[in-house]
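File shown: final_20.cif. Contents: mmCIF, C-alpha atoms.
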```cif
data_query
loop_
_atom_site.group_PDB
_atom_site.id
_atom_site.type_symbol
_atom_site.label_atom_id
_atom_site.label_comp_id
_atom_site.auth_asym_id
_atom_site.auth_seq_id
_atom_site.Cartn_x
_atom_site.Cartn_y
_atom_site.Cartn_z
ATOM 1 C CA GLU A 14 0.000 0.000 0.000
ATOM 2 C CA ALA A 15 1.415 3.349 -1.026
ATOM 3 C CA GLY A 16 1.965 5.875 1.737
ATOM 4 C CA VAL A 17 1.219 9.574 1.895
ATOM 5 C CA ALA A 18 3.077 11.318 -0.913
ATOM 6 C CA GLN A 19 4.328 14.877 -0.645
ATOM 7 C CA SER A 20 6.208 17.228 -2.931
ATOM 8 C CA PRO A 21 8.472 19.010 -3.151
ATOM 9 C CA ARG A 22 10.646 17.523 -0.406
ATOM 10 C CA TYR A 23 12.769 20.632 -0.074
ATOM 11 C CA LYS A 24 12.198 24.263 -0.918
ATOM 12 C CA ILE A 25 14.221 27.409 -0.247
ATOM 13 C CA ILE A 26 12.547 30.743 -0.912
ATOM 14 C CA GLU A 27 13.092 34.362 -0.014
ATOM 15 C CA LYS A 28 10.761 36.085 2.408
ATOM 16 C CA ARG A 29 7.669 37.558 0.784
ATOM 17 C CA GLN A 30 7.761 34.953 -1.971
ATOM 18 C CA SER A 31 5.108 32.290 -2.334
ATOM 19 C CA VAL A 32 5.315 28.506 -2.160
ATOM 20 C CA ALA A 33 2.928 25.606 -2.639
ATOM 21 C CA PHE A 34 3.085 22.077 -1.311
ATOM 22 C CA TRP A 35 1.189 19.126 -2.694
ATOM 23 C CA CYS A 36 -0.090 16.038 -0.925
ATOM 24 C CA ASN A 37 -1.617 12.795 -2.125
ATOM 25 C CA PRO A 38 -3.094 10.822 0.784
ATOM 26 C CA ILE A 39 -3.422 7.079 1.122
ATOM 27 C CA SER A 40 -6.119 5.804 -1.181
ATOM 28 C CA GLY A 41 -9.512 5.683 0.485
ATOM 29 C CA HIS A 42 -8.583 7.932 3.395
ATOM 30 C CA ALA A 43 -11.308 10.505 3.879
ATOM 31 C CA THR A 44 -9.451 12.654 6.376
ATOM 32 C CA LEU A 45 -6.441 14.715 5.402
ATOM 33 C CA TYR A 46 -4.305 16.865 7.687
ATOM 34 C CA TRP A 47 -1.612 19.461 7.243
ATOM 35 C CA TYR A 48 0.761 19.874 10.169
ATOM 36 C CA GLN A 49 3.565 22.353 10.679
ATOM 37 C CA GLN A 50 6.642 21.074 12.527
ATOM 38 C CA ILE A 51 9.161 23.686 13.562
ATOM 39 C CA LEU A 52 12.608 22.344 14.397
ATOM 40 C CA GLY A 53 12.661 20.942 17.926
ATOM 41 C CA GLN A 54 8.903 21.027 18.360
ATOM 42 C CA GLY A 55 6.001 18.669 17.931
ATOM 43 C CA PRO A 56 3.761 18.864 14.887
ATOM 44 C CA LYS A 57 1.030 21.490 15.060
ATOM 45 C CA LEU A 58 -2.219 21.005 13.157
ATOM 46 C CA LEU A 59 -2.830 23.685 10.563
ATOM 47 C CA ILE A 60 -5.901 22.320 8.862
ATOM 48 C CA GLN A 61 -7.987 19.160 8.740
ATOM 49 C CA PHE A 62 -10.210 18.101 5.866
ATOM 50 C CA GLN A 63 -12.971 15.529 5.938
ATOM 51 C CA ASN A 64 -13.383 14.594 2.267
ATOM 52 C CA ASN A 65 -13.258 18.046 0.655
ATOM 53 C CA GLY A 66 -14.697 19.975 3.599
ATOM 54 C CA VAL A 67 -12.724 21.772 6.300
ATOM 55 C CA VAL A 68 -13.406 20.542 9.838
ATOM 56 C CA ASP A 69 -10.672 22.443 11.679
ATOM 57 C CA ASP A 70 -8.551 25.359 10.523
ATOM 58 C CA SER A 71 -8.378 27.194 13.820
ATOM 59 C CA GLN A 72 -4.563 27.342 13.806
ATOM 60 C CA LEU A 73 -4.104 28.229 10.159
ATOM 61 C CA PRO A 74 -2.740 31.781 9.685
ATOM 62 C CA LYS A 75 -5.365 32.658 7.135
ATOM 63 C CA ASP A 76 -3.790 35.952 6.150
ATOM 64 C CA ARG A 77 -0.962 34.063 4.467
ATOM 65 C CA PHE A 78 -1.794 30.363 4.431
ATOM 66 C CA SER A 79 -4.434 28.676 2.342
ATOM 67 C CA ALA A 80 -5.263 25.070 1.624
ATOM 68 C CA GLU A 81 -7.671 23.237 -0.583
ATOM 69 C CA ARG A 82 -8.637 19.658 -1.211
ATOM 70 C CA LEU A 83 -10.294 19.359 -4.544
ATOM 71 C CA LYS A 84 -12.474 16.313 -5.178
ATOM 72 C CA GLY A 85 -11.678 15.011 -1.714
ATOM 73 C CA VAL A 86 -8.338 13.491 -2.703
ATOM 74 C CA ASP A 87 -5.180 15.542 -3.318
ATOM 75 C CA SER A 88 -4.514 18.691 -1.353
ATOM 76 C CA THR A 89 -2.406 21.799 -1.786
ATOM 77 C CA LEU A 90 -1.079 24.068 0.949
ATOM 78 C CA LYS A 91 0.015 27.547 -0.108
ATOM 79 C CA ILE A 92 1.938 30.221 1.725
ATOM 80 C CA GLN A 93 1.887 33.760 0.365
ATOM 81 C CA PRO A 94 3.785 35.845 1.337
ATOM 82 C CA ALA A 95 6.244 33.737 3.304
ATOM 83 C CA LYS A 96 7.888 34.967 6.480
ATOM 84 C CA LEU A 97 11.122 33.826 8.094
ATOM 85 C CA GLU A 98 9.153 32.127 10.884
ATOM 86 C CA ASP A 99 7.429 29.890 8.327
ATOM 87 C CA SER A 100 10.646 27.876 8.039
ATOM 88 C CA ALA A 101 9.522 24.413 9.088
ATOM 89 C CA VAL A 102 8.606 20.981 7.865
ATOM 90 C CA TYR A 103 5.083 20.767 6.483
ATOM 91 C CA LEU A 104 3.675 17.330 7.118
ATOM 92 C CA CYS A 105 0.691 15.952 5.324
ATOM 93 C CA ALA A 106 -1.147 13.062 6.941
ATOM 94 C CA SER A 107 -4.263 11.035 6.314
ATOM 95 C CA SER A 108 -6.573 8.638 8.095
ATOM 96 C CA THR A 109 -9.854 6.849 7.646
ATOM 97 C CA ASP A 110 -12.963 8.505 9.103
ATOM 98 C CA ARG A 111 -11.997 9.269 12.687
ATOM 99 C CA GLY A 112 -9.314 6.675 12.230
ATOM 100 C CA ASN A 113 -7.155 5.920 15.203
ATOM 101 C CA THR A 114 -4.052 5.750 13.082
ATOM 102 C CA ILE A 115 -2.864 8.867 11.304
ATOM 103 C CA TYR A 116 -0.298 8.181 8.618
ATOM 104 C CA PHE A 117 2.243 10.891 7.903
ATOM 105 C CA GLY A 118 4.178 11.652 4.767
ATOM 106 C CA GLU A 119 7.881 12.413 4.900
ATOM 107 C CA GLY A 120 7.257 16.132 4.866
ATOM 108 C CA SER A 121 8.162 19.150 2.799
ATOM 109 C CA TRP A 122 11.075 21.100 4.251
ATOM 110 C CA LEU A 123 10.737 24.848 3.809
ATOM 111 C CA THR A 124 13.517 27.334 4.454
ATOM 112 C CA VAL A 125 12.661 31.014 4.164
ATOM 113 C CA VAL A 126 15.711 33.271 3.854
ATOM 114 C CA GLN B 6 -5.934 25.697 24.654
ATOM 115 C CA GLN B 7 -5.451 22.003 25.220
ATOM 116 C CA GLN B 8 -1.830 21.137 25.926
ATOM 117 C CA VAL B 9 0.302 18.060 26.264
ATOM 118 C CA LYS B 10 3.535 18.464 28.223
ATOM 119 C CA GLN B 11 6.376 16.045 27.565
ATOM 120 C CA SER B 12 9.626 15.346 29.380
ATOM 121 C CA PRO B 13 12.534 14.951 29.223
ATOM 122 C CA GLN B 14 13.557 16.929 26.170
ATOM 123 C CA SER B 15 16.444 14.550 25.542
ATOM 124 C CA LEU B 16 17.499 11.198 26.922
ATOM 125 C CA ILE B 17 20.627 9.101 26.667
ATOM 126 C CA VAL B 18 20.325 5.425 27.582
ATOM 127 C CA GLN B 19 22.795 2.587 27.342
ATOM 128 C CA LYS B 20 21.988 -0.385 25.184
ATOM 129 C CA GLY B 21 19.854 -2.811 27.137
ATOM 130 C CA GLY B 22 18.581 -0.141 29.493
ATOM 131 C CA ILE B 23 15.071 1.167 30.024
ATOM 132 C CA SER B 24 14.006 4.413 28.398
ATOM 133 C CA ILE B 25 11.161 6.292 30.077
ATOM 134 C CA ILE B 26 9.376 9.284 28.596
ATOM 135 C CA ASN B 27 6.597 11.086 30.420
ATOM 136 C CA CYS B 28 3.632 13.136 29.306
ATOM 137 C CA ALA B 29 0.923 15.035 31.104
ATOM 138 C CA TYR B 30 -2.248 16.605 29.805
ATOM 139 C CA GLU B 31 -4.471 19.305 31.174
ATOM 140 C CA ASN B 32 -7.840 18.691 29.618
ATOM 141 C CA THR B 33 -9.990 15.653 30.226
ATOM 142 C CA ALA B 34 -11.585 15.850 26.784
ATOM 143 C CA PHE B 35 -9.107 13.414 25.257
ATOM 144 C CA ASP B 36 -10.051 9.867 24.307
ATOM 145 C CA TYR B 37 -6.966 8.392 22.685
ATOM 146 C CA PHE B 38 -3.277 8.672 23.508
ATOM 147 C CA PRO B 39 -0.786 7.588 20.845
ATOM 148 C CA TRP B 40 2.985 7.676 20.804
ATOM 149 C CA TYR B 41 4.790 8.486 17.597
ATOM 150 C CA GLN B 42 8.375 7.707 16.626
ATOM 151 C CA GLN B 43 10.197 9.956 14.211
ATOM 152 C CA PHE B 44 13.535 9.302 12.547
ATOM 153 C CA PRO B 45 15.523 12.164 10.985
ATOM 154 C CA GLY B 46 14.114 13.183 7.634
ATOM 155 C CA LYS B 47 10.993 11.085 8.052
ATOM 156 C CA GLY B 48 7.457 11.753 9.144
ATOM 157 C CA PRO B 49 6.207 10.527 12.521
ATOM 158 C CA ALA B 50 4.990 6.943 12.607
ATOM 159 C CA LEU B 51 2.543 5.470 15.088
ATOM 160 C CA LEU B 52 4.357 3.308 17.641
ATOM 161 C CA ILE B 53 1.737 2.352 20.220
ATOM 162 C CA ALA B 54 -1.474 3.856 21.585
ATOM 163 C CA ILE B 55 -3.816 3.547 24.558
ATOM 164 C CA ARG B 56 -7.357 4.532 25.518
ATOM 165 C CA PRO B 57 -8.116 6.056 28.929
ATOM 166 C CA ASP B 58 -10.105 3.048 30.135
ATOM 167 C CA VAL B 59 -6.917 0.950 30.187
ATOM 168 C CA SER B 60 -4.032 1.468 32.604
ATOM 169 C CA GLU B 61 -1.332 -0.297 30.647
ATOM 170 C CA LYS B 62 -0.665 -1.548 27.147
ATOM 171 C CA LYS B 63 2.322 -3.553 26.028
ATOM 172 C CA GLU B 64 3.552 -4.291 22.537
ATOM 173 C CA GLY B 65 6.873 -6.068 22.415
ATOM 174 C CA ARG B 66 9.476 -3.915 24.136
ATOM 175 C CA PHE B 67 7.171 -0.887 24.263
ATOM 176 C CA THR B 68 4.729 -0.254 27.115
ATOM 177 C CA ILE B 69 2.389 2.636 27.797
ATOM 178 C CA SER B 70 1.378 3.282 31.387
ATOM 179 C CA PHE B 71 -1.683 5.469 31.846
ATOM 180 C CA ASN B 72 -2.809 7.226 35.039
ATOM 181 C CA LYS B 73 -6.187 8.805 34.383
ATOM 182 C CA SER B 74 -6.568 10.465 37.789
ATOM 183 C CA ALA B 75 -3.155 12.120 37.491
ATOM 184 C CA LYS B 76 -3.668 12.914 33.789
ATOM 185 C CA GLN B 77 -0.311 11.383 33.014
ATOM 186 C CA PHE B 78 0.959 8.708 30.693
ATOM 187 C CA SER B 79 4.388 7.380 29.933
ATOM 188 C CA LEU B 80 6.270 5.304 27.401
ATOM 189 C CA HIS B 81 8.689 2.637 28.572
ATOM 190 C CA ILE B 82 11.134 1.094 26.142
ATOM 191 C CA MET B 83 12.618 -2.072 27.585
ATOM 192 C CA ASP B 84 15.980 -3.440 26.458
ATOM 193 C CA SER B 85 16.642 -0.236 24.505
ATOM 194 C CA GLN B 86 18.575 -0.716 21.257
ATOM 195 C CA PRO B 87 20.622 1.692 19.124
ATOM 196 C CA GLY B 88 17.918 1.356 16.457
ATOM 197 C CA ASP B 89 15.475 2.952 18.902
ATOM 198 C CA SER B 90 17.422 6.211 18.672
ATOM 199 C CA ALA B 91 14.826 8.661 17.392
ATOM 200 C CA THR B 92 12.529 11.426 18.545
ATOM 201 C CA TYR B 93 9.402 10.312 20.360
ATOM 202 C CA PHE B 94 6.214 12.318 20.572
ATOM 203 C CA CYS B 95 3.268 11.683 22.799
ATOM 204 C CA ALA B 96 -0.079 12.941 21.609
ATOM 205 C CA ALA B 97 -3.676 13.162 22.688
ATOM 206 C CA ARG B 98 -6.781 13.154 20.549
ATOM 207 C CA GLY B 99 -9.757 15.302 21.385
ATOM 208 C CA THR B 100 -13.257 13.929 21.463
ATOM 209 C CA GLY B 101 -15.792 14.911 18.874
ATOM 210 C CA THR B 102 -15.869 14.674 15.136
ATOM 211 C CA ALA B 103 -12.723 16.719 14.551
ATOM 212 C CA SER B 104 -10.516 14.155 16.331
ATOM 213 C CA LYS B 105 -7.662 16.647 16.478
ATOM 214 C CA LEU B 106 -4.291 15.332 17.662
ATOM 215 C CA THR B 107 -2.292 17.550 19.998
ATOM 216 C CA PHE B 108 1.386 16.633 20.188
ATOM 217 C CA GLY B 109 3.924 16.991 22.941
ATOM 218 C CA THR B 110 7.212 18.756 22.270
ATOM 219 C CA GLY B 111 9.175 15.558 21.698
ATOM 220 C CA THR B 112 11.965 13.605 23.372
ATOM 221 C CA ARG B 113 15.159 12.931 21.528
ATOM 222 C CA LEU B 114 16.367 9.478 22.552
ATOM 223 C CA GLN B 115 19.899 8.308 21.989
ATOM 224 C CA VAL B 116 20.793 4.716 22.799
ATOM 225 C CA THR B 117 24.514 4.205 23.165
ATOM 226 C CA LEU B 118 26.500 0.999 22.804
#
```

Written form, structure tokens:
Amino acid sequence: EAGVAQSPRYKIIEKRQSVAFWCNPISGHATLYWYQQILGQGPKLLIQFQNNGVVDDSQLPKDRFSAERLKGVDSTLKIQPAKLEDSAVYLCASSTDRGNTIYFGEGSWLTVV
Amino acid sequence: QQQVKQSPQSLIVQKGGISIINCAYENTAFDYFPWYQQFPGKGPALLIAIRPDVSEKKEGRFTISFNKSAKQFSLHIMDSQPGDSATYFCAARGTGTASKLTFGTGTRLQVTL
């Protein structure tokens, strides 16, 4: 069974530029998550989708971050404009409906300079 | 805001020793407590999990001890091996349809020969 796929794996951008990350969850998983993991910290939930609807985006900085999940499968997370403090690993994860196990991708590493 | 506090931040254990990582939570509205293991450059992976109606769960060398009245839970790694060297995160899942996972800050474990 294929895992959660993410791209790009690494991205370096200048502050105020924009960046987009893509995620393909495990087939059949209705729930998709985007987490932000700053170096030395635990992952922090940015947004959670159930199929193509948002169920939790309370910690998403909506002035600069946006995410969509078209057709309830793939998802894209965008940052525009980026700030230095956005440097982190962006983890996509998926699970079945209220699944106990959340499966993470390997992450997209963002460095903002 | 619901929080999960984790300690220690880092841990060095000799091969064959017992590694113990502790977590405490503040809110009782959690119904599932997983531990995740993360190797450098990889996403977190579910290691073992427990529900609050159980006081202990063991899977191989890994054991979770859960104290509901104290709002604490811990991970014990018996016969620690160099391959266990990784960062470990405890987490807690909220009740309700959102099933949001809140992570601890992580413990970096190093098992020496």

>> Taking the file as I've supplied it (selection: the PyMOL selection byres ((chain B and resi 38) around 7)), which residues are included? Please answer as an MDAnalysis selection string.
In response: chainID B and resid 36:37 39:40 54:56 96:98

Taking all atoms listed in the file into account, produce a table as CSV in which each residue of chain B with an atom at most 6 Å from an atom of chain A appears once, together with its shortest atom pair and the distance in Å to one decimal, ordered by chain and rising number.
```
residue,atom,partner,partner_atom,distance
B:Lys47,CA,A:Glu119,CA,4.6
B:Gly48,CA,A:Glu119,CA,4.3
B:Phe108,CA,A:Gly55,CA,5.5
B:Gly109,CA,A:Gly55,CA,5.7
B:Thr110,CA,A:Gly55,CA,4.5
B:Gly111,CA,A:Gly55,CA,5.8
```

Residues as selected, C-alpha atoms, written as a PDB file, keeping the file's coordinate frame, can you do that?
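Result went into again.pdb, see below:
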```
ATOM      1  CA  LYS B  47      10.993  11.085   8.052  1.00  0.00           C
ATOM      2  CA  GLY B  48       7.457  11.753   9.144  1.00  0.00           C
ATOM      3  CA  PHE B 108       1.386  16.633  20.188  1.00  0.00           C
ATOM      4  CA  GLY B 109       3.924  16.991  22.941  1.00  0.00           C
ATOM      5  CA  THR B 110       7.212  18.756  22.270  1.00  0.00           C
ATOM      6  CA  GLY B 111       9.175  15.558  21.698  1.00  0.00           C
TER       7      GLY B 111
END
```

>> Tell me which residues come within 6 Å of (-4.7, 24.0, 10.9), as a VMD selection string, counting only C-alpha atoms in the file's coordinates.
In response: chain A and resid 58 to 60 70 to 73

> So what do you get for CA of Pro21 in chain A versus CA of Tyr41 in chain B, distance-wise?
Replying inline: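 Computing the Euclidean distance for CA of Pro21 in chain A and CA of Tyr41 in chain B yields 23.6 Å.
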
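Residue neighbourhood of Trp35 in chain A, excluding near-sequence residues (fewer than 5 positions): Ala18, Gln19, Ser20, Pro21, Asp87, Ser88, Thr89, Leu90, Lys91, Cys105 and Ser121 of chain A, at 9 Å, using only C-alpha atoms.
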
>> Set the distance at 8 Å and use only C-alpha atoms: which residues neighbour Leu16 in chain B once local chain neighbours fewer than 4 positions away are removed? I'd like the list as number ranges by chain.
In response: B: 24, 112-115

>> I want to know what sits within 6 Å of Ala95 in chain A, based on only C-alpha atoms, with residues of the same chain fewer than 3 positions away left out; could you give that as an MDAnalysis selection string?
In response: chainID A and resid 28:31 92

> Val59 in chain B: which residues within 10 Å, counting only C-alpha atoms, same-chain residues fewer than 2 positions away excluded, as a PyMOL selection string?
Replying inline: chain B and resi 55-57+61-62+69-73

File dump, residues just selected, C-alpha atoms, as a PDB file, in the frame of the given file:
```pdb
ATOM      1  CA  ILE B  55      -3.816   3.547  24.558  1.00  0.00           C
ATOM      2  CA  ARG B  56      -7.357   4.532  25.518  1.00  0.00           C
ATOM      3  CA  PRO B  57      -8.116   6.056  28.929  1.00  0.00           C
ATOM      4  CA  GLU B  61      -1.332  -0.297  30.647  1.00  0.00           C
ATOM      5  CA  LYS B  62      -0.665  -1.548  27.147  1.00  0.00           C
ATOM      6  CA  ILE B  69       2.389   2.636  27.797  1.00  0.00           C
ATOM      7  CA  SER B  70       1.378   3.282  31.387  1.00  0.00           C
ATOM      8  CA  PHE B  71      -1.683   5.469  31.846  1.00  0.00           C
ATOM      9  CA  ASN B  72      -2.809   7.226  35.039  1.00  0.00           C
ATOM     10  CA  LYS B  73      -6.187   8.805  34.383  1.00  0.00           C
TER      11      LYS B  73
END
```

>> Please determine, counting all atoms listed in the file, which residue among B:Phe94, B:Phe78, B:Tyr30, B:Phe67 has the shortest atom-to-atom distance to Phe44 in chain B.
In response: B:Phe94

> Interatomic distance between CA of Asp84 in chain B and CA of Gln19 in chain B?
Replying inline: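 Taking CA of Asp84 in chain B and CA of Gln19 in chain B, their separation equals 9.1 Å.
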
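CA of Thr107 in chain B is positioned 19.8 Å from CA of Ala43 in chain A.
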
> Hey, can you pull every residue with an atom no more than 9 Å from (13.7, 5.4, 32.0), using all atoms listed in the file, and send it as a PyMOL selection string?
Replying inline: chain B and resi 16+18+22-26+80-83

> Could you spell out the hits of the PyMOL selection byres ((chain B and resi 116) around 8) on the shown file, as a PyMOL selection string?
Replying inline: chain B and resi 17-20+85-90+114-115+117-118

When you get a chance, write out all heavy atoms for range 53-64 of chain B, as a compact mmCIF listing (two decimals), keeping the file's coordinate frame.
```
# COMPACT_ATOMS: atom_id res chain seq x y z
N ILE B 53 2.65 3.05 19.32
CA ILE B 53 1.74 2.35 20.22
C ILE B 53 0.74 3.38 20.74
O ILE B 53 1.05 4.58 20.79
CB ILE B 53 2.53 1.69 21.38
CG1 ILE B 53 1.64 0.82 22.27
CG2 ILE B 53 3.28 2.73 22.19
CD1 ILE B 53 2.41 0.00 23.30
N ALA B 54 -0.46 2.93 21.11
CA ALA B 54 -1.47 3.86 21.58
C ALA B 54 -2.32 3.21 22.67
O ALA B 54 -2.38 1.97 22.77
CB ALA B 54 -2.36 4.31 20.43
N ILE B 55 -2.99 4.05 23.46
CA ILE B 55 -3.82 3.55 24.56
C ILE B 55 -5.06 4.40 24.69
O ILE B 55 -5.05 5.59 24.33
CB ILE B 55 -3.00 3.54 25.89
CG1 ILE B 55 -3.66 2.66 26.94
CG2 ILE B 55 -2.79 4.97 26.40
CD1 ILE B 55 -2.76 2.39 28.14
N ARG B 56 -6.13 3.80 25.19
CA ARG B 56 -7.36 4.53 25.52
C ARG B 56 -7.42 4.73 27.03
O ARG B 56 -6.86 3.93 27.78
CB ARG B 56 -8.57 3.76 25.02
CG ARG B 56 -8.61 3.66 23.51
CD ARG B 56 -9.94 3.12 23.02
NE ARG B 56 -9.98 3.05 21.56
CZ ARG B 56 -10.23 4.07 20.78
NH1 ARG B 56 -10.47 5.26 21.30
NH2 ARG B 56 -10.25 3.92 19.47
N PRO B 57 -8.13 5.72 27.50
CA PRO B 57 -8.12 6.06 28.93
C PRO B 57 -8.79 5.04 29.84
O PRO B 57 -8.68 5.15 31.07
CB PRO B 57 -8.84 7.41 28.98
CG PRO B 57 -9.64 7.49 27.74
CD PRO B 57 -8.88 6.72 26.71
N ASP B 58 -9.47 4.06 29.29
CA ASP B 58 -10.10 3.05 30.14
C ASP B 58 -9.16 1.88 30.43
O ASP B 58 -9.54 0.91 31.09
CB ASP B 58 -11.39 2.53 29.49
CG ASP B 58 -11.17 2.02 28.08
OD1 ASP B 58 -10.09 2.27 27.51
OD2 ASP B 58 -12.08 1.36 27.53
N VAL B 59 -7.93 1.99 29.97
CA VAL B 59 -6.92 0.95 30.19
C VAL B 59 -5.72 1.58 30.89
O VAL B 59 -5.31 2.69 30.57
CB VAL B 59 -6.47 0.34 28.84
CG1 VAL B 59 -5.37 -0.68 29.04
CG2 VAL B 59 -7.67 -0.27 28.13
N SER B 60 -5.14 0.89 31.85
CA SER B 60 -4.03 1.47 32.60
C SER B 60 -2.66 1.12 32.02
O SER B 60 -1.68 1.80 32.31
CB SER B 60 -4.08 0.99 34.06
OG SER B 60 -3.96 -0.42 34.12
N GLU B 61 -2.62 0.08 31.22
CA GLU B 61 -1.33 -0.30 30.65
C GLU B 61 -1.55 -1.05 29.34
O GLU B 61 -2.49 -1.82 29.20
CB GLU B 61 -0.55 -1.18 31.62
CG GLU B 61 0.86 -1.53 31.16
CD GLU B 61 1.62 -2.34 32.20
OE1 GLU B 61 2.10 -1.73 33.19
OE2 GLU B 61 1.74 -3.57 32.03
N LYS B 62 -0.65 -0.81 28.40
CA LYS B 62 -0.66 -1.55 27.15
C LYS B 62 0.77 -1.86 26.75
O LYS B 62 1.64 -0.99 26.79
CB LYS B 62 -1.36 -0.75 26.04
CG LYS B 62 -1.46 -1.52 24.73
CD LYS B 62 -2.30 -0.78 23.73
CE LYS B 62 -2.42 -1.57 22.44
NZ LYS B 62 -3.24 -0.85 21.44
N LYS B 63 0.97 -3.11 26.36
CA LYS B 63 2.32 -3.55 26.03
C LYS B 63 2.34 -4.13 24.63
O LYS B 63 1.48 -4.94 24.27
CB LYS B 63 2.79 -4.60 27.04
CG LYS B 63 4.21 -5.08 26.84
CD LYS B 63 4.61 -6.05 27.95
CE LYS B 63 6.05 -6.53 27.75
NZ LYS B 63 6.45 -7.48 28.83
N GLU B 64 3.34 -3.73 23.86
CA GLU B 64 3.55 -4.29 22.54
C GLU B 64 5.05 -4.51 22.37
O GLU B 64 5.81 -3.57 22.17
CB GLU B 64 3.01 -3.38 21.44
CG GLU B 64 1.50 -3.30 21.39
CD GLU B 64 0.97 -2.46 20.23
OE1 GLU B 64 1.80 -1.94 19.45
OE2 GLU B 64 -0.26 -2.30 20.13
```
